[in-house]
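input_23.pdb, holding PDB, C-alpha atoms, pLDDT in the B column:
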ATOM      1  CA  MET Q   1      36.862 118.523 213.866  1.00 92.00           C
ATOM      2  CA  ILE Q   2      34.067 116.238 215.040  1.00 96.00           C
ATOM      3  CA  LEU Q   3      34.420 112.761 216.550  1.00 97.00           C
ATOM      4  CA  PHE Q   4      31.172 110.929 215.831  1.00 98.00           C
ATOM      5  CA  PRO Q   5      30.433 107.958 218.127  1.00 98.00           C
ATOM      6  CA  ALA Q   6      28.654 105.216 216.183  1.00 97.00           C
ATOM      7  CA  ILE Q   7      25.472 103.448 217.212  1.00 97.00           C
ATOM      8  CA  ASP Q   8      24.921 100.566 214.805  1.00 95.00           C
ATOM      9  CA  LEU Q   9      21.503  98.959 215.194  1.00 97.00           C
ATOM     10  CA  LYS Q  10      20.735  95.286 214.587  1.00 96.00           C
ATOM     11  CA  ASP Q  11      17.480  93.783 215.839  1.00 95.00           C
ATOM     12  CA  GLY Q  12      16.926  96.793 218.091  1.00 96.00           C
ATOM     13  CA  LYS Q  13      20.296  96.456 219.826  1.00 96.00           C
ATOM     14  CA  CYS Q  14      23.526  98.435 219.690  1.00 95.00           C
ATOM     15  CA  VAL Q  15      26.141  96.249 217.978  1.00 94.00           C
ATOM     16  CA  ARG Q  16      29.418  96.330 216.095  1.00 86.00           C
ATOM     17  CA  LEU Q  17      30.240  94.194 213.067  1.00 82.00           C
ATOM     18  CA  LYS Q  18      33.556  93.090 211.598  1.00 77.00           C
ATOM     19  CA  LEU Q  19      34.066  93.913 207.924  1.00 67.00           C
ATOM     20  CA  GLY Q  20      30.337  94.526 207.506  1.00 69.00           C
ATOM     21  CA  ASP Q  21      29.417  90.885 208.175  1.00 75.00           C
ATOM     22  CA  MET Q  22      26.071  90.651 210.012  1.00 80.00           C
ATOM     23  CA  ALA Q  23      27.042  87.217 211.362  1.00 83.00           C
ATOM     24  CA  THR Q  24      29.884  88.805 213.362  1.00 80.00           C
ATOM     25  CA  ALA Q  25      27.685  91.163 215.388  1.00 86.00           C
ATOM     26  CA  THR Q  26      28.839  91.826 218.942  1.00 90.00           C
ATOM     27  CA  VAL Q  27      26.095  93.291 221.148  1.00 93.00           C
ATOM     28  CA  TYR Q  28      27.418  96.180 223.244  1.00 94.00           C
ATOM     29  CA  ASN Q  29      24.174  97.596 224.580  1.00 94.00           C
ATOM     30  CA  GLU Q  30      20.621  96.294 224.431  1.00 96.00           C
ATOM     31  CA  ASP Q  31      19.325  99.831 225.033  1.00 97.00           C
ATOM     32  CA  PRO Q  32      20.438 102.154 222.195  1.00 97.00           C
ATOM     33  CA  ALA Q  33      18.750 105.152 223.832  1.00 98.00           C
ATOM     34  CA  ALA Q  34      20.824 104.651 226.976  1.00 98.00           C
ATOM     35  CA  GLN Q  35      23.939 104.403 224.816  1.00 97.00           C
ATOM     36  CA  ALA Q  36      23.032 107.683 223.111  1.00 98.00           C
ATOM     37  CA  ARG Q  37      22.614 109.393 226.485  1.00 98.00           C
ATOM     38  CA  ALA Q  38      25.970 108.021 227.636  1.00 97.00           C
ATOM     39  CA  PHE Q  39      27.748 109.405 224.575  1.00 98.00           C
ATOM     40  CA  GLU Q  40      26.095 112.790 225.076  1.00 97.00           C
ATOM     41  CA  GLU Q  41      27.150 112.851 228.736  1.00 97.00           C
ATOM     42  CA  GLN Q  42      30.729 112.048 227.689  1.00 97.00           C
ATOM     43  CA  GLY Q  43      30.772 115.263 225.671  1.00 97.00           C
ATOM     44  CA  PHE Q  44      30.223 114.104 222.100  1.00 97.00           C
ATOM     45  CA  ARG Q  45      28.502 116.735 219.949  1.00 96.00           C
ATOM     46  CA  TRP Q  46      26.982 114.447 217.280  1.00 98.00           C
ATOM     47  CA  LEU Q  47      25.736 110.875 217.008  1.00 98.00           C
ATOM     48  CA  HIS Q  48      26.176 108.628 213.967  1.00 98.00           C
ATOM     49  CA  VAL Q  49      23.452 105.980 213.751  1.00 98.00           C
ATOM     50  CA  VAL Q  50      23.147 103.145 211.227  1.00 95.00           C
ATOM     51  CA  ASP Q  51      20.150 100.866 210.737  1.00 96.00           C
ATOM     52  CA  LEU Q  52      22.048  97.735 209.704  1.00 93.00           C
ATOM     53  CA  ASN Q  53      18.938  95.650 209.083  1.00 93.00           C
ATOM     54  CA  GLY Q  54      17.527  98.536 207.066  1.00 92.00           C
ATOM     55  CA  ALA Q  55      20.595  98.677 204.842  1.00 87.00           C
ATOM     56  CA  PHE Q  56      19.901  95.112 203.727  1.00 85.00           C
ATOM     57  CA  ALA Q  57      16.111  95.420 203.629  1.00 87.00           C
ATOM     58  CA  GLY Q  58      16.025  98.725 201.757  1.00 85.00           C
ATOM     59  CA  LYS Q  59      13.642 100.228 204.303  1.00 89.00           C
ATOM     60  CA  SER Q  60      13.669 101.278 207.940  1.00 89.00           C
ATOM     61  CA  VAL Q  61      13.735  98.265 210.269  1.00 94.00           C
ATOM     62  CA  ASN Q  62      15.041  99.736 213.538  1.00 96.00           C
ATOM     63  CA  GLY Q  63      12.812 102.797 213.465  1.00 95.00           C
ATOM     64  CA  GLU Q  64      11.623 102.272 217.021  1.00 96.00           C
ATOM     65  CA  ALA Q  65      15.186 102.251 218.357  1.00 97.00           C
ATOM     66  CA  VAL Q  66      16.083 105.347 216.321  1.00 97.00           C
ATOM     67  CA  GLY Q  67      12.998 107.118 217.651  1.00 97.00           C
ATOM     68  CA  ALA Q  68      14.042 106.270 221.207  1.00 98.00           C
ATOM     69  CA  ILE Q  69      17.524 107.693 220.532  1.00 98.00           C
ATOM     70  CA  LEU Q  70      16.015 110.925 219.221  1.00 97.00           C
ATOM     71  CA  LYS Q  71      13.898 111.247 222.361  1.00 97.00           C
ATOM     72  CA  ALA Q  72      16.822 110.433 224.660  1.00 97.00           C
ATOM     73  CA  THR Q  73      19.316 113.027 223.425  1.00 96.00           C
ATOM     74  CA  LYS Q  74      19.519 116.643 222.389  1.00 95.00           C
ATOM     75  CA  SER Q  75      22.598 115.975 220.254  1.00 96.00           C
ATOM     76  CA  PRO Q  76      22.159 116.167 216.471  1.00 98.00           C
ATOM     77  CA  VAL Q  77      21.813 112.705 214.954  1.00 98.00           C
ATOM     78  CA  GLN Q  78      22.703 111.532 211.457  1.00 98.00           C
ATOM     79  CA  LEU Q  79      21.163 108.274 210.242  1.00 98.00           C
ATOM     80  CA  GLY Q  80      21.964 105.900 207.404  1.00 96.00           C
ATOM     81  CA  GLY Q  81      20.700 102.491 206.349  1.00 94.00           C
ATOM     82  CA  GLY Q  82      17.748 101.679 204.115  1.00 91.00           C
ATOM     83  CA  ILE Q  83      16.701 105.243 203.327  1.00 94.00           C
ATOM     84  CA  ARG Q  84      15.958 105.195 199.608  1.00 94.00           C
ATOM     85  CA  THR Q  85      13.036 107.568 198.848  1.00 96.00           C
ATOM     86  CA  ILE Q  86      12.094 111.217 199.282  1.00 97.00           C
ATOM     87  CA  PRO Q  87       9.093 110.345 201.538  1.00 96.00           C
ATOM     88  CA  GLN Q  88      11.392 108.277 203.787  1.00 96.00           C
ATOM     89  CA  ILE Q  89      13.857 111.173 203.993  1.00 97.00           C
ATOM     90  CA  GLU Q  90      11.103 113.670 204.773  1.00 97.00           C
ATOM     91  CA  ASP Q  91       9.622 111.407 207.443  1.00 96.00           C
ATOM     92  CA  TRP Q  92      12.944 111.025 209.255  1.00 96.00           C
ATOM     93  CA  LEU Q  93      13.773 114.712 209.113  1.00 98.00           C
ATOM     94  CA  ASP Q  94      10.294 115.525 210.443  1.00 97.00           C
ATOM     95  CA  ARG Q  95      10.949 113.134 213.326  1.00 96.00           C
ATOM     96  CA  GLY Q  96      13.977 115.135 214.396  1.00 97.00           C
ATOM     97  CA  LEU Q  97      17.001 113.812 212.533  1.00 98.00           C
ATOM     98  CA  ALA Q  98      19.597 116.448 211.787  1.00 98.00           C
ATOM     99  CA  ARG Q  99      20.924 114.661 208.724  1.00 98.00           C
ATOM    100  CA  VAL Q 100      20.049 111.664 206.558  1.00 98.00           C
ATOM    101  CA  ILE Q 101      22.819 109.583 204.945  1.00 97.00           C
ATOM    102  CA  LEU Q 102      22.052 108.155 201.499  1.00 96.00           C
ATOM    103  CA  GLY Q 103      24.228 105.247 200.371  1.00 91.00           C
ATOM    104  CA  THR Q 104      22.835 102.667 197.975  1.00 87.00           C
ATOM    105  CA  VAL Q 105      20.458 105.160 196.355  1.00 92.00           C
ATOM    106  CA  ALA Q 106      23.405 107.494 195.681  1.00 93.00           C
ATOM    107  CA  VAL Q 107      24.747 104.812 193.331  1.00 90.00           C
ATOM    108  CA  ARG Q 108      21.412 103.663 191.935  1.00 90.00           C
ATOM    109  CA  ASP Q 109      19.717 107.062 191.551  1.00 95.00           C
ATOM    110  CA  PRO Q 110      22.060 110.067 191.868  1.00 95.00           C
ATOM    111  CA  GLU Q 111      19.294 112.415 190.723  1.00 97.00           C
ATOM    112  CA  LEU Q 112      17.225 111.505 193.781  1.00 97.00           C
ATOM    113  CA  VAL Q 113      20.121 112.659 195.955  1.00 97.00           C
ATOM    114  CA  ARG Q 114      20.300 115.970 194.074  1.00 98.00           C
ATOM    115  CA  ASP Q 115      16.545 116.382 194.431  1.00 98.00           C
ATOM    116  CA  ALA Q 116      16.772 115.671 198.168  1.00 98.00           C
ATOM    117  CA  CYS Q 117      19.524 118.275 198.525  1.00 98.00           C
ATOM    118  CA  ARG Q 118      17.283 120.860 196.866  1.00 98.00           C
ATOM    119  CA  LYS Q 119      14.313 119.952 199.070  1.00 98.00           C
ATOM    120  CA  PHE Q 120      16.245 119.643 202.340  1.00 98.00           C
ATOM    121  CA  PRO Q 121      19.305 121.921 202.102  1.00 97.00           C
ATOM    122  CA  GLY Q 122      22.146 121.106 204.464  1.00 97.00           C
ATOM    123  CA  ARG Q 123      20.523 117.912 205.711  1.00 98.00           C
ATOM    124  CA  ILE Q 124      21.588 115.299 203.158  1.00 98.00           C
ATOM    125  CA  ALA Q 125      24.845 113.362 203.408  1.00 98.00           C
ATOM    126  CA  VAL Q 126      26.118 110.689 201.038  1.00 97.00           C
ATOM    127  CA  GLY Q 127      27.580 107.452 202.357  1.00 95.00           C
ATOM    128  CA  ILE Q 128      30.349 106.036 200.184  1.00 94.00           C
ATOM    129  CA  ASP Q 129      31.360 102.568 201.334  1.00 89.00           C
ATOM    130  CA  ALA Q 130      34.316 101.137 199.434  1.00 88.00           C
ATOM    131  CA  ARG Q 131      36.087  97.811 199.279  1.00 84.00           C
ATOM    132  CA  GLY Q 132      39.379  97.932 197.379  1.00 80.00           C
ATOM    133  CA  GLY Q 133      38.487 101.445 196.223  1.00 78.00           C
ATOM    134  CA  LYS Q 134      35.220 100.279 194.600  1.00 83.00           C
ATOM    135  CA  VAL Q 135      31.825 101.281 195.967  1.00 88.00           C
ATOM    136  CA  ALA Q 136      29.691  98.593 197.658  1.00 80.00           C
ATOM    137  CA  VAL Q 137      25.906  98.805 198.042  1.00 74.00           C
ATOM    138  CA  GLU Q 138      22.940  96.996 199.643  1.00 64.00           C
ATOM    139  CA  GLY Q 139      24.488  96.841 203.096  1.00 54.00           C
ATOM    140  CA  TRP Q 140      27.906  96.123 201.514  1.00 54.00           C
ATOM    141  CA  ALA Q 141      26.550  92.866 200.099  1.00 57.00           C
ATOM    142  CA  GLU Q 142      27.035  93.931 196.471  1.00 61.00           C
ATOM    143  CA  ALA Q 143      30.093  95.413 194.803  1.00 69.00           C
ATOM    144  CA  SER Q 144      29.961  97.910 191.948  1.00 66.00           C
ATOM    145  CA  GLU Q 145      32.548  98.976 189.395  1.00 75.00           C
ATOM    146  CA  LEU Q 146      32.215 102.583 190.482  1.00 86.00           C
ATOM    147  CA  GLY Q 147      35.235 104.192 192.145  1.00 90.00           C
ATOM    148  CA  ALA Q 148      34.756 106.129 195.373  1.00 92.00           C
ATOM    149  CA  VAL Q 149      36.209 109.368 193.965  1.00 94.00           C
ATOM    150  CA  GLU Q 150      34.195 108.953 190.766  1.00 94.00           C
ATOM    151  CA  LEU Q 151      30.971 108.693 192.787  1.00 94.00           C
ATOM    152  CA  ALA Q 152      31.854 111.629 195.018  1.00 96.00           C
ATOM    153  CA  LYS Q 153      32.462 113.882 192.038  1.00 96.00           C
ATOM    154  CA  LYS Q 154      28.916 113.211 190.781  1.00 95.00           C
ATOM    155  CA  PHE Q 155      27.639 115.277 193.699  1.00 97.00           C
ATOM    156  CA  GLU Q 156      29.994 118.219 193.435  1.00 97.00           C
ATOM    157  CA  GLY Q 157      27.887 121.365 193.549  1.00 96.00           C
ATOM    158  CA  ALA Q 158      24.681 119.458 194.419  1.00 97.00           C
ATOM    159  CA  GLY Q 159      24.504 120.738 197.986  1.00 97.00           C
ATOM    160  CA  VAL Q 160      25.547 117.519 199.768  1.00 98.00           C
ATOM    161  CA  ALA Q 161      26.337 118.413 203.384  1.00 98.00           C
ATOM    162  CA  ALA Q 162      28.969 115.708 203.883  1.00 98.00           C
ATOM    163  CA  ILE Q 163      30.360 112.464 202.520  1.00 98.00           C
ATOM    164  CA  VAL Q 164      30.789 109.606 204.989  1.00 97.00           C
ATOM    165  CA  TYR Q 165      33.623 107.538 203.527  1.00 95.00           C
ATOM    166  CA  THR Q 166      33.977 104.017 204.911  1.00 91.00           C
ATOM    167  CA  ASP Q 167      36.789 101.616 204.066  1.00 87.00           C
ATOM    168  CA  ILE Q 168      34.937  98.307 204.504  1.00 81.00           C
ATOM    169  CA  ASP Q 169      38.182  96.314 204.692  1.00 78.00           C
ATOM    170  CA  ARG Q 170      39.012  98.134 207.922  1.00 70.00           C
ATOM    171  CA  ASP Q 171      35.575  98.470 209.499  1.00 68.00           C
ATOM    172  CA  GLY Q 172      35.341  96.958 212.967  1.00 60.00           C
ATOM    173  CA  VAL Q 173      38.828  95.440 212.984  1.00 62.00           C
ATOM    174  CA  LEU Q 174      40.743  98.281 214.669  1.00 68.00           C
ATOM    175  CA  SER Q 175      43.421  98.471 211.993  1.00 75.00           C
ATOM    176  CA  GLY Q 176      43.459 102.255 211.764  1.00 86.00           C
ATOM    177  CA  ILE Q 177      41.646 104.544 209.350  1.00 92.00           C
ATOM    178  CA  ASN Q 178      42.711 104.448 205.704  1.00 92.00           C
ATOM    179  CA  TRP Q 179      44.019 107.996 205.808  1.00 94.00           C
ATOM    180  CA  ASP Q 180      45.565 107.940 202.329  1.00 92.00           C
ATOM    181  CA  ALA Q 181      42.302 107.038 200.574  1.00 92.00           C
ATOM    182  CA  THR Q 182      40.237 109.316 202.801  1.00 95.00           C
ATOM    183  CA  ILE Q 183      42.424 112.358 202.230  1.00 95.00           C
ATOM    184  CA  GLU Q 184      42.648 111.573 198.512  1.00 94.00           C
ATOM    185  CA  LEU Q 185      38.855 111.692 198.388  1.00 95.00           C
ATOM    186  CA  ALA Q 186      38.725 114.912 200.406  1.00 96.00           C
ATOM    187  CA  ASP Q 187      41.249 116.477 198.029  1.00 96.00           C
ATOM    188  CA  ALA Q 188      39.131 115.502 195.009  1.00 96.00           C
ATOM    189  CA  VAL Q 189      35.923 117.292 196.053  1.00 97.00           C
ATOM    190  CA  SER Q 190      34.856 120.390 197.935  1.00 97.00           C
ATOM    191  CA  ILE Q 191      32.249 118.444 199.941  1.00 97.00           C
ATOM    192  CA  PRO Q 192      33.274 117.882 203.586  1.00 97.00           C
ATOM    193  CA  VAL Q 193      34.405 114.278 204.190  1.00 98.00           C
ATOM    194  CA  ILE Q 194      33.941 112.188 207.347  1.00 98.00           C
ATOM    195  CA  ALA Q 195      36.380 109.299 207.807  1.00 96.00           C
ATOM    196  CA  SER Q 196      34.940 105.940 208.834  1.00 93.00           C
ATOM    197  CA  GLY Q 197      36.193 102.401 209.286  1.00 87.00           C
ATOM    198  CA  GLY Q 198      39.021 101.169 211.481  1.00 86.00           C
ATOM    199  CA  LEU Q 199      39.590 104.017 213.949  1.00 93.00           C
ATOM    200  CA  ALA Q 200      41.678 102.178 216.504  1.00 91.00           C
ATOM    201  CA  SER Q 201      43.475 104.385 218.998  1.00 93.00           C
ATOM    202  CA  LEU Q 202      44.478 107.857 220.084  1.00 95.00           C
ATOM    203  CA  ASP Q 203      47.049 107.739 217.271  1.00 94.00           C
ATOM    204  CA  ASP Q 204      44.134 108.023 214.830  1.00 94.00           C
ATOM    205  CA  ILE Q 205      42.733 110.902 216.875  1.00 96.00           C
ATOM    206  CA  ARG Q 206      46.088 112.694 216.742  1.00 95.00           C
ATOM    207  CA  ARG Q 207      46.266 111.985 212.997  1.00 94.00           C
ATOM    208  CA  MET Q 208      43.020 113.933 212.631  1.00 95.00           C
ATOM    209  CA  THR Q 209      44.819 117.051 213.862  1.00 95.00           C
ATOM    210  CA  MET Q 210      47.557 116.917 211.203  1.00 95.00           C
ATOM    211  CA  PRO Q 211      47.494 119.704 208.576  1.00 94.00           C
ATOM    212  CA  ASP Q 212      46.494 117.470 205.643  1.00 94.00           C
ATOM    213  CA  ALA Q 213      43.526 116.096 207.621  1.00 94.00           C
ATOM    214  CA  GLN Q 214      42.221 119.488 208.662  1.00 91.00           C
ATOM    215  CA  LYS Q 215      39.973 119.609 205.597  1.00 93.00           C
ATOM    216  CA  LEU Q 216      37.941 116.683 206.983  1.00 96.00           C
ATOM    217  CA  GLU Q 217      34.749 117.291 208.944  1.00 97.00           C
ATOM    218  CA  GLY Q 218      35.723 114.539 211.342  1.00 97.00           C
ATOM    219  CA  ALA Q 219      35.802 110.782 211.892  1.00 97.00           C
ATOM    220  CA  ILE Q 220      33.518 108.048 213.201  1.00 96.00           C
ATOM    221  CA  SER Q 221      34.508 105.753 216.050  1.00 95.00           C
ATOM    222  CA  GLY Q 222      32.764 102.540 217.009  1.00 92.00           C
ATOM    223  CA  ARG Q 223      34.485  99.489 218.451  1.00 91.00           C
ATOM    224  CA  ALA Q 224      37.444 101.426 219.895  1.00 93.00           C
ATOM    225  CA  LEU Q 225      35.063 103.470 222.061  1.00 95.00           C
ATOM    226  CA  TYR Q 226      33.029 100.458 223.145  1.00 94.00           C
ATOM    227  CA  ASP Q 227      36.126  98.400 223.960  1.00 92.00           C
ATOM    228  CA  GLY Q 228      37.709 101.235 225.942  1.00 94.00           C
ATOM    229  CA  ARG Q 229      40.689 101.579 223.608  1.00 94.00           C
ATOM    230  CA  ILE Q 230      39.876 105.272 223.307  1.00 95.00           C
ATOM    231  CA  ASP Q 231      39.144 107.390 226.354  1.00 96.00           C
ATOM    232  CA  PRO Q 232      36.417 109.863 225.301  1.00 97.00           C
ATOM    233  CA  LYS Q 233      37.682 112.670 227.515  1.00 96.00           C
ATOM    234  CA  GLU Q 234      41.247 112.368 226.241  1.00 96.00           C
ATOM    235  CA  ALA Q 235      40.172 112.045 222.611  1.00 97.00           C
ATOM    236  CA  LEU Q 236      37.946 115.098 222.755  1.00 97.00           C
ATOM    237  CA  ALA Q 237      40.667 117.070 224.551  1.00 96.00           C
ATOM    238  CA  ILE Q 238      43.128 116.278 221.741  1.00 96.00           C
ATOM    239  CA  LEU Q 239      40.645 117.424 219.106  1.00 95.00           C
ATOM    240  CA  ASN Q 240      39.828 120.559 221.061  1.00 90.00           C
ATOM    241  CA  GLY Q 241      43.518 121.441 221.231  1.00 85.00           C
ATOM    242  CA  HIS Q 242      43.820 121.006 225.011  1.00 56.00           C
ATOM    243  CA  ALA Q 243      46.195 118.052 225.000  1.00 48.00           C
TER     244      ALA Q 243
END
As structure tokens, the full file:
Amino acid sequence: MILFPAIDLKDGKCVRLKLGDMATATVYNEDPAAQARAFEEQGFRWLHVVDLNGAFAGKSVNGEAVGAILKATKSPVQLGGGIRTIPQIEDWLDRGLARVILGTVAVRDPELVRDACRKFPGRIAVGIDARGGKVAVEGWAEASELGAVELAKKFEGAGVAAIVYTDIDRDGVLSGINWDATIELADAVSIPVIASGGLASLDDIRRMTMPDAQKLEGAISGRALYDGRIDPKEALAILNGHA
């Protein structure tokens, strides 16, 4: 079970949003590379990075900051936000990313995702961001009529390494992960699922160790880590079975 610390990038800085609203950005670190090193030193095994500007622009905007993160840490990094083409995917993987997360393009062009999985086995994840159970795209600015489970099932057997499932209504507001919807999604597909949005306390960390959550690959934590609501050492000890 992996706890992924989140580094969300806006204008080259490490921020957190509330409910996906760019106007609510709180800057937590002006040096994302230093933040990546800090997370690595705290014992985290992976880093989850999102180019927020890129998600809206449909292309990489914070590439310089991502490059600095890749140079600063030996931890595997997964990146989402504005990655919409095979050349973009290939470029990022060549630059050292462990995994690319495809969100909007997974809705718009599912075949591109399947093609990417064939070209880059084990290195393509799908980001499913839902509001009220319906998938949102373009940096969460647009809603679709597609259900989260319906979208996930489109990629069954395609070779997707993981699904990052975010409940937008909980993201950044510390209300706790939507475990019911997340586990329902994990039950519906064989693809590993990563929970995202709302992780608030050690109660969520302990919830990750419950039998019905064991099928998950892990969960992403953002604001709770930055605000000190979760002690990294204690959280990782719980997940490693030492507490």
Within 7 Å of Gly222 (chain Q), counting all atoms listed in the file, which residues show up once you throw out same-chain ones fewer than 4 positions away? Write them as an mmCIF file with C-alpha atoms, in the frame of the given file, please.
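The result, written out as out-v7.cif:
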data_model
loop_
_atom_site.group_PDB
_atom_site.id
_atom_site.type_symbol
_atom_site.label_atom_id
_atom_site.label_comp_id
_atom_site.auth_asym_id
_atom_site.auth_seq_id
_atom_site.Cartn_x
_atom_site.Cartn_y
_atom_site.Cartn_z
ATOM 1 C CA PRO Q 5 30.433 107.958 218.127
ATOM 2 C CA ALA Q 6 28.654 105.216 216.183
ATOM 3 C CA TYR Q 226 33.029 100.458 223.145
#
List as an mmCIF file with C-alpha atoms, in the coordinates of the input the residues having at least one atom at most 12 Å from position (40.0, 108.2, 198.8) as given in the file, counting all atoms listed in the file.
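Saved the output as point.cif:
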data_model
loop_
_atom_site.group_PDB
_atom_site.id
_atom_site.type_symbol
_atom_site.label_atom_id
_atom_site.label_comp_id
_atom_site.auth_asym_id
_atom_site.auth_seq_id
_atom_site.Cartn_x
_atom_site.Cartn_y
_atom_site.Cartn_z
ATOM 1 C CA ILE Q 128 30.349 106.036 200.184
ATOM 2 C CA ASP Q 129 31.360 102.568 201.334
ATOM 3 C CA ALA Q 130 34.316 101.137 199.434
ATOM 4 C CA ARG Q 131 36.087 97.811 199.279
ATOM 5 C CA GLY Q 132 39.379 97.932 197.379
ATOM 6 C CA GLY Q 133 38.487 101.445 196.223
ATOM 7 C CA LYS Q 134 35.220 100.279 194.600
ATOM 8 C CA VAL Q 135 31.825 101.281 195.967
ATOM 9 C CA GLY Q 147 35.235 104.192 192.145
ATOM 10 C CA ALA Q 148 34.756 106.129 195.373
ATOM 11 C CA VAL Q 149 36.209 109.368 193.965
ATOM 12 C CA GLU Q 150 34.195 108.953 190.766
ATOM 13 C CA LEU Q 151 30.971 108.693 192.787
ATOM 14 C CA ALA Q 152 31.854 111.629 195.018
ATOM 15 C CA LYS Q 153 32.462 113.882 192.038
ATOM 16 C CA ILE Q 163 30.360 112.464 202.520
ATOM 17 C CA VAL Q 164 30.789 109.606 204.989
ATOM 18 C CA TYR Q 165 33.623 107.538 203.527
ATOM 19 C CA THR Q 166 33.977 104.017 204.911
ATOM 20 C CA ASP Q 167 36.789 101.616 204.066
ATOM 21 C CA ILE Q 177 41.646 104.544 209.350
ATOM 22 C CA ASN Q 178 42.711 104.448 205.704
ATOM 23 C CA TRP Q 179 44.019 107.996 205.808
ATOM 24 C CA ASP Q 180 45.565 107.940 202.329
ATOM 25 C CA ALA Q 181 42.302 107.038 200.574
ATOM 26 C CA THR Q 182 40.237 109.316 202.801
ATOM 27 C CA ILE Q 183 42.424 112.358 202.230
ATOM 28 C CA GLU Q 184 42.648 111.573 198.512
ATOM 29 C CA LEU Q 185 38.855 111.692 198.388
ATOM 30 C CA ALA Q 186 38.725 114.912 200.406
ATOM 31 C CA ASP Q 187 41.249 116.477 198.029
ATOM 32 C CA ALA Q 188 39.131 115.502 195.009
ATOM 33 C CA VAL Q 189 35.923 117.292 196.053
ATOM 34 C CA VAL Q 193 34.405 114.278 204.190
ATOM 35 C CA ILE Q 194 33.941 112.188 207.347
ATOM 36 C CA ALA Q 195 36.380 109.299 207.807
ATOM 37 C CA SER Q 196 34.940 105.940 208.834
ATOM 38 C CA LEU Q 216 37.941 116.683 206.983
#
9 Å contact set for region 228-236 of chain Q, all atoms listed in the file, chain neighbours under 2 positions out, as a ChimeraX atom specification: /Q:2-3,39,42-44,200-202,205-206,223-226,238-243
Between Q:Leu47, Q:Asn62, Q:Glu145, Q:Gly81, single out the one closest to Leu97 (chain Q), counting all atoms listed in the file.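 Looking only at the distances to Leu97 (chain Q), the closest residue turns out to be Q:Leu47.
Each of Q:Met22, Q:Ala219, Q:Leu17, Q:Ile89 was checked against Lys119 (chain Q) using all atoms listed in the file; the smallest atom-to-atom distance is that of Q:Ile89.
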The residue from Q:Met1, Q:Leu70, Q:Val50, Q:Ala125 with the smallest atom-to-atom distance to Asp94 (chain Q), counting all atoms listed in the file, is Q:Leu70
Which residues would end up in the selection if the PyMOL selection byres ((chain Q and resi 24-27) around 10) were applied here, given that I need the answer as a PyMOL selection string? chain Q and resi 8-10+13-23+28-30+172+223
